[in-house]
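S.K.: Have a look at this one.
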Amino acid sequence: MRISILALEGLFDTGLTVLLDAFTLANKFSAGQMGGTPYFDVSIVGVRKRVRSGQGLAIPVQAVTAGLKPDWVIVPALATGTPEVLVPALARPDVRKAQAQLLKWQDPVSAASGWLPFLTLSVRRIISDHQTPHPTH
């Protein structure tokens, strides 16, 4: 199974490292059960040439190419913490480019299930709620 971890500038460090550790361990287990063949082919990809984590660590990424056809794509969360930081981060050019790439990767089955449009609508709702003044109690 081909899994691409789409790394964005300022992602949570643990969001990336936990995934890498989990898939490495899963491959060790699967190699023992499947005669030495790892089950997960994991790559870290990016829409930028250079990506740094929220803690400033350089993350080696492979460029997203037309030939890249992952079975699954995982996008670790941005290390934003608050809506005041998240909302502008979602408008960054690299995040917009990543959103466009996710739509290109979307297959007819997942498109029919509506998971990506639901996620997009959920993010828009968060932004909208943040921009709408709420009554104080």
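Just remember, in the structure tokens the first chain shown is A, the second B, etc., residues are 1-based per chain, and ligands are 1-based in the order shown.
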Residues at most 7 Å from Met1 in chain A, counting only C-alpha atoms, excluding those fewer than 2 positions away in the same chain, as a short mmCIF file (atom, residue, chain, number, x, y, z; two decimals) with N, CA and C atoms, in the first residue's frame?
M.R.:
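The result, stored in selection_35.cif:
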```cif
data_model
loop_
_atom_site.label_atom_id
_atom_site.label_comp_id
_atom_site.auth_asym_id
_atom_site.auth_seq_id
_atom_site.Cartn_x
_atom_site.Cartn_y
_atom_site.Cartn_z
N ILE A 3 1.52 4.95 0.76
CA ILE A 3 1.02 6.01 1.63
C ILE A 3 1.93 7.22 1.48
N TYR A 39 4.53 -4.04 4.07
CA TYR A 39 3.20 -3.80 3.52
C TYR A 39 2.99 -2.34 3.15
N PHE A 40 3.61 -1.43 3.91
CA PHE A 40 3.39 0.00 3.71
C PHE A 40 4.61 0.64 3.06
N ASP A 41 4.39 1.26 1.91
CA ASP A 41 5.42 2.03 1.22
C ASP A 41 5.13 3.50 1.54
N ASP A 71 -2.16 5.38 -2.49
CA ASP A 71 -3.43 4.78 -2.11
C ASP A 71 -4.10 5.60 -1.00
#
```
S.K.: Fewer than 6 positions away in the same chain doesn't count, so skip those; otherwise give me all residues within 7 Å of Ile5 in chain A, counting only C-alpha atoms, as a list in words.
M.R.: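 Returned residues: Ser43, Ile44, Val45, Val73, Ile74 and Val75 of chain A.
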S.K.: To one decimal place in Å, what is the distance between CA of Gly32 in chain A and CA of Thr17 in chain A?
M.R.: 22.9 Å
S.K.: Show me, as a VMD selection string, the residues that have an atom within 9 Å of Lys49 in chain A when counting only C-alpha atoms, minus same-chain residues fewer than 4 positions from it.
M.R.: chain A and resid 60 to 63
S.K.: Using only C-alpha atoms, which residues sit within 10 Å of Pro76 in chain A once same-chain residues fewer than 2 positions away are excluded, as a ChimeraX atom specification?
M.R.: /A:5-8,10-19,73-74,78-79
S.K.: Write the residues of the selection above to a file with C-alpha atoms, as a compact mmCIF listing (two decimals), in the first residue's frame.
M.R.:
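again_39.txt was written with the following content:
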```
# COMPACT_ATOMS: atom_id res chain seq x y z
CA ILE A 5 2.45 11.90 4.08
CA LEU A 6 1.87 15.39 2.74
CA ALA A 7 4.08 17.66 4.84
CA LEU A 8 3.13 21.31 5.11
CA GLY A 10 4.79 24.35 10.28
CA LEU A 11 3.23 20.92 10.86
CA PHE A 12 3.11 19.40 14.33
CA ASP A 13 6.38 17.52 14.79
CA THR A 14 4.66 14.68 16.65
CA GLY A 15 2.00 14.50 13.93
CA LEU A 16 4.73 13.44 11.53
CA THR A 17 6.96 11.38 13.80
CA VAL A 18 4.14 9.30 15.29
CA LEU A 19 3.04 8.33 11.77
CA VAL A 73 -2.62 10.51 1.78
CA ILE A 74 -2.18 11.71 5.34
CA LEU A 78 -0.49 22.42 11.36
CA ALA A 79 1.00 23.51 14.69
```
S.K.: Find the distance between CA of Pro93 in chain A and CA of Glu9 in chain A and write it in Å to one decimal.
M.R.: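 One can read the CA of Pro93 in chain A to CA of Glu9 in chain A distance as 10.8 Å.
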S.K.: Neighbours of Val47 in chain A within 7 Å (only C-alpha atoms; same-chain residues fewer than 4 positions away dropped), as JSON, numbers by chain?
M.R.: {"A": [63, 64, 94, 97, 98]}
S.K.: When DSSP works through the backbone of this structure, what residues of range 50-118 of chain A end up as alpha helix (DSSP H), shown as a ChimeraX atom specification?
M.R.: /A:83-90,93-105,108-113,115-118
S.K.: Write the residues you've just listed into a file as a PDB file, in the first residue's frame, and include N, CA and C atoms for each of them.
M.R.:
```
ATOM      1  N   PRO A  83      -7.485  29.616  16.575  1.00  0.00           N
ATOM      2  CA  PRO A  83      -8.089  30.059  15.315  1.00  0.00           C
ATOM      3  C   PRO A  83      -7.385  31.278  14.723  1.00  0.00           C
ATOM      4  N   GLU A  84      -6.862  32.138  15.583  1.00  0.00           N
ATOM      5  CA  GLU A  84      -6.185  33.342  15.093  1.00  0.00           C
ATOM      6  C   GLU A  84      -4.941  33.009  14.272  1.00  0.00           C
ATOM      7  N   VAL A  85      -4.347  31.866  14.540  1.00  0.00           N
ATOM      8  CA  VAL A  85      -3.168  31.428  13.784  1.00  0.00           C
ATOM      9  C   VAL A  85      -3.583  30.480  12.656  1.00  0.00           C
ATOM     10  N   LEU A  86      -4.596  29.643  12.908  1.00  0.00           N
ATOM     11  CA  LEU A  86      -5.038  28.658  11.923  1.00  0.00           C
ATOM     12  C   LEU A  86      -5.647  29.311  10.683  1.00  0.00           C
ATOM     13  N   VAL A  87      -6.517  30.283  10.875  1.00  0.00           N
ATOM     14  CA  VAL A  87      -7.234  30.886   9.743  1.00  0.00           C
ATOM     15  C   VAL A  87      -6.276  31.459   8.705  1.00  0.00           C
ATOM     16  N   PRO A  88      -5.285  32.281   9.089  1.00  0.00           N
ATOM     17  CA  PRO A  88      -4.351  32.764   8.072  1.00  0.00           C
ATOM     18  C   PRO A  88      -3.507  31.642   7.467  1.00  0.00           C
ATOM     19  N   ALA A  89      -3.182  30.628   8.268  1.00  0.00           N
ATOM     20  CA  ALA A  89      -2.377  29.513   7.757  1.00  0.00           C
ATOM     21  C   ALA A  89      -3.122  28.766   6.649  1.00  0.00           C
ATOM     22  N   LEU A  90      -4.435  28.642   6.775  1.00  0.00           N
ATOM     23  CA  LEU A  90      -5.217  27.934   5.762  1.00  0.00           C
ATOM     24  C   LEU A  90      -5.273  28.699   4.438  1.00  0.00           C
ATOM     25  N   PRO A  93      -0.351  30.109   0.341  1.00  0.00           N
ATOM     26  CA  PRO A  93      -0.254  29.496  -0.994  1.00  0.00           C
ATOM     27  C   PRO A  93       0.087  28.002  -0.964  1.00  0.00           C
ATOM     28  N   ASP A  94       0.956  27.569  -0.054  1.00  0.00           N
ATOM     29  CA  ASP A  94       1.308  26.147  -0.013  1.00  0.00           C
ATOM     30  C   ASP A  94       0.140  25.289   0.454  1.00  0.00           C
ATOM     31  N   VAL A  95      -0.666  25.820   1.353  1.00  0.00           N
ATOM     32  CA  VAL A  95      -1.844  25.069   1.827  1.00  0.00           C
ATOM     33  C   VAL A  95      -2.878  24.983   0.707  1.00  0.00           C
ATOM     34  N   ARG A  96      -3.075  26.064  -0.023  1.00  0.00           N
ATOM     35  CA  ARG A  96      -4.005  26.058  -1.164  1.00  0.00           C
ATOM     36  C   ARG A  96      -3.537  25.070  -2.234  1.00  0.00           C
ATOM     37  N   LYS A  97      -2.235  25.045  -2.474  1.00  0.00           N
ATOM     38  CA  LYS A  97      -1.684  24.108  -3.457  1.00  0.00           C
ATOM     39  C   LYS A  97      -1.877  22.662  -2.988  1.00  0.00           C
ATOM     40  N   ALA A  98      -1.702  22.427  -1.691  1.00  0.00           N
ATOM     41  CA  ALA A  98      -1.923  21.089  -1.137  1.00  0.00           C
ATOM     42  C   ALA A  98      -3.388  20.679  -1.273  1.00  0.00           C
ATOM     43  N   GLN A  99      -4.307  21.620  -1.032  1.00  0.00           N
ATOM     44  CA  GLN A  99      -5.731  21.322  -1.187  1.00  0.00           C
ATOM     45  C   GLN A  99      -6.041  20.937  -2.635  1.00  0.00           C
ATOM     46  N   ALA A 100      -5.460  21.674  -3.574  1.00  0.00           N
ATOM     47  CA  ALA A 100      -5.678  21.364  -4.996  1.00  0.00           C
ATOM     48  C   ALA A 100      -5.118  19.986  -5.333  1.00  0.00           C
ATOM     49  N   GLN A 101      -3.973  19.646  -4.764  1.00  0.00           N
ATOM     50  CA  GLN A 101      -3.374  18.336  -5.033  1.00  0.00           C
ATOM     51  C   GLN A 101      -4.229  17.223  -4.448  1.00  0.00           C
ATOM     52  N   LEU A 102      -4.769  17.434  -3.268  1.00  0.00           N
ATOM     53  CA  LEU A 102      -5.654  16.429  -2.672  1.00  0.00           C
ATOM     54  C   LEU A 102      -6.864  16.174  -3.565  1.00  0.00           C
ATOM     55  N   LEU A 103      -7.397  17.219  -4.153  1.00  0.00           N
ATOM     56  CA  LEU A 103      -8.530  17.045  -5.072  1.00  0.00           C
ATOM     57  C   LEU A 103      -8.117  16.248  -6.311  1.00  0.00           C
ATOM     58  N   LYS A 104      -6.905  16.452  -6.804  1.00  0.00           N
ATOM     59  CA  LYS A 104      -6.416  15.688  -7.957  1.00  0.00           C
ATOM     60  C   LYS A 104      -6.262  14.215  -7.610  1.00  0.00           C
ATOM     61  N   TRP A 105      -5.828  13.940  -6.390  1.00  0.00           N
ATOM     62  CA  TRP A 105      -5.632  12.557  -5.970  1.00  0.00           C
ATOM     63  C   TRP A 105      -6.946  11.855  -5.648  1.00  0.00           C
ATOM     64  N   PRO A 108     -12.763   8.308  -7.644  1.00  0.00           N
ATOM     65  CA  PRO A 108     -14.237   8.364  -7.740  1.00  0.00           C
ATOM     66  C   PRO A 108     -14.947   7.784  -6.518  1.00  0.00           C
ATOM     67  N   VAL A 109     -14.355   6.770  -5.866  1.00  0.00           N
ATOM     68  CA  VAL A 109     -15.006   6.159  -4.704  1.00  0.00           C
ATOM     69  C   VAL A 109     -15.025   7.142  -3.540  1.00  0.00           C
ATOM     70  N   SER A 110     -13.861   7.751  -3.235  1.00  0.00           N
ATOM     71  CA  SER A 110     -13.841   8.691  -2.121  1.00  0.00           C
ATOM     72  C   SER A 110     -14.612   9.959  -2.470  1.00  0.00           C
ATOM     73  N   ALA A 111     -14.621  10.334  -3.741  1.00  0.00           N
ATOM     74  CA  ALA A 111     -15.395  11.505  -4.157  1.00  0.00           C
ATOM     75  C   ALA A 111     -16.880  11.249  -3.922  1.00  0.00           C
ATOM     76  N   ALA A 112     -17.318  10.039  -4.233  1.00  0.00           N
ATOM     77  CA  ALA A 112     -18.727   9.697  -4.038  1.00  0.00           C
ATOM     78  C   ALA A 112     -19.082   9.652  -2.558  1.00  0.00           C
ATOM     79  N   SER A 113     -18.116   9.263  -1.722  1.00  0.00           N
ATOM     80  CA  SER A 113     -18.401   9.194  -0.287  1.00  0.00           C
ATOM     81  C   SER A 113     -18.500  10.582   0.325  1.00  0.00           C
ATOM     82  N   TRP A 115     -16.081  12.499   1.560  1.00  0.00           N
ATOM     83  CA  TRP A 115     -15.239  12.819   2.718  1.00  0.00           C
ATOM     84  C   TRP A 115     -14.432  14.091   2.518  1.00  0.00           C
ATOM     85  N   LEU A 116     -13.882  14.324   1.326  1.00  0.00           N
ATOM     86  CA  LEU A 116     -13.064  15.524   1.136  1.00  0.00           C
ATOM     87  C   LEU A 116     -13.925  16.787   1.106  1.00  0.00           C
ATOM     88  N   PRO A 117     -15.043  16.786   0.367  1.00  0.00           N
ATOM     89  CA  PRO A 117     -15.899  17.980   0.449  1.00  0.00           C
ATOM     90  C   PRO A 117     -16.381  18.253   1.869  1.00  0.00           C
ATOM     91  N   PHE A 118     -16.669  17.177   2.644  1.00  0.00           N
ATOM     92  CA  PHE A 118     -17.099  17.365   4.026  1.00  0.00           C
ATOM     93  C   PHE A 118     -15.999  18.037   4.835  1.00  0.00           C
TER      94      PHE A 118
END
```
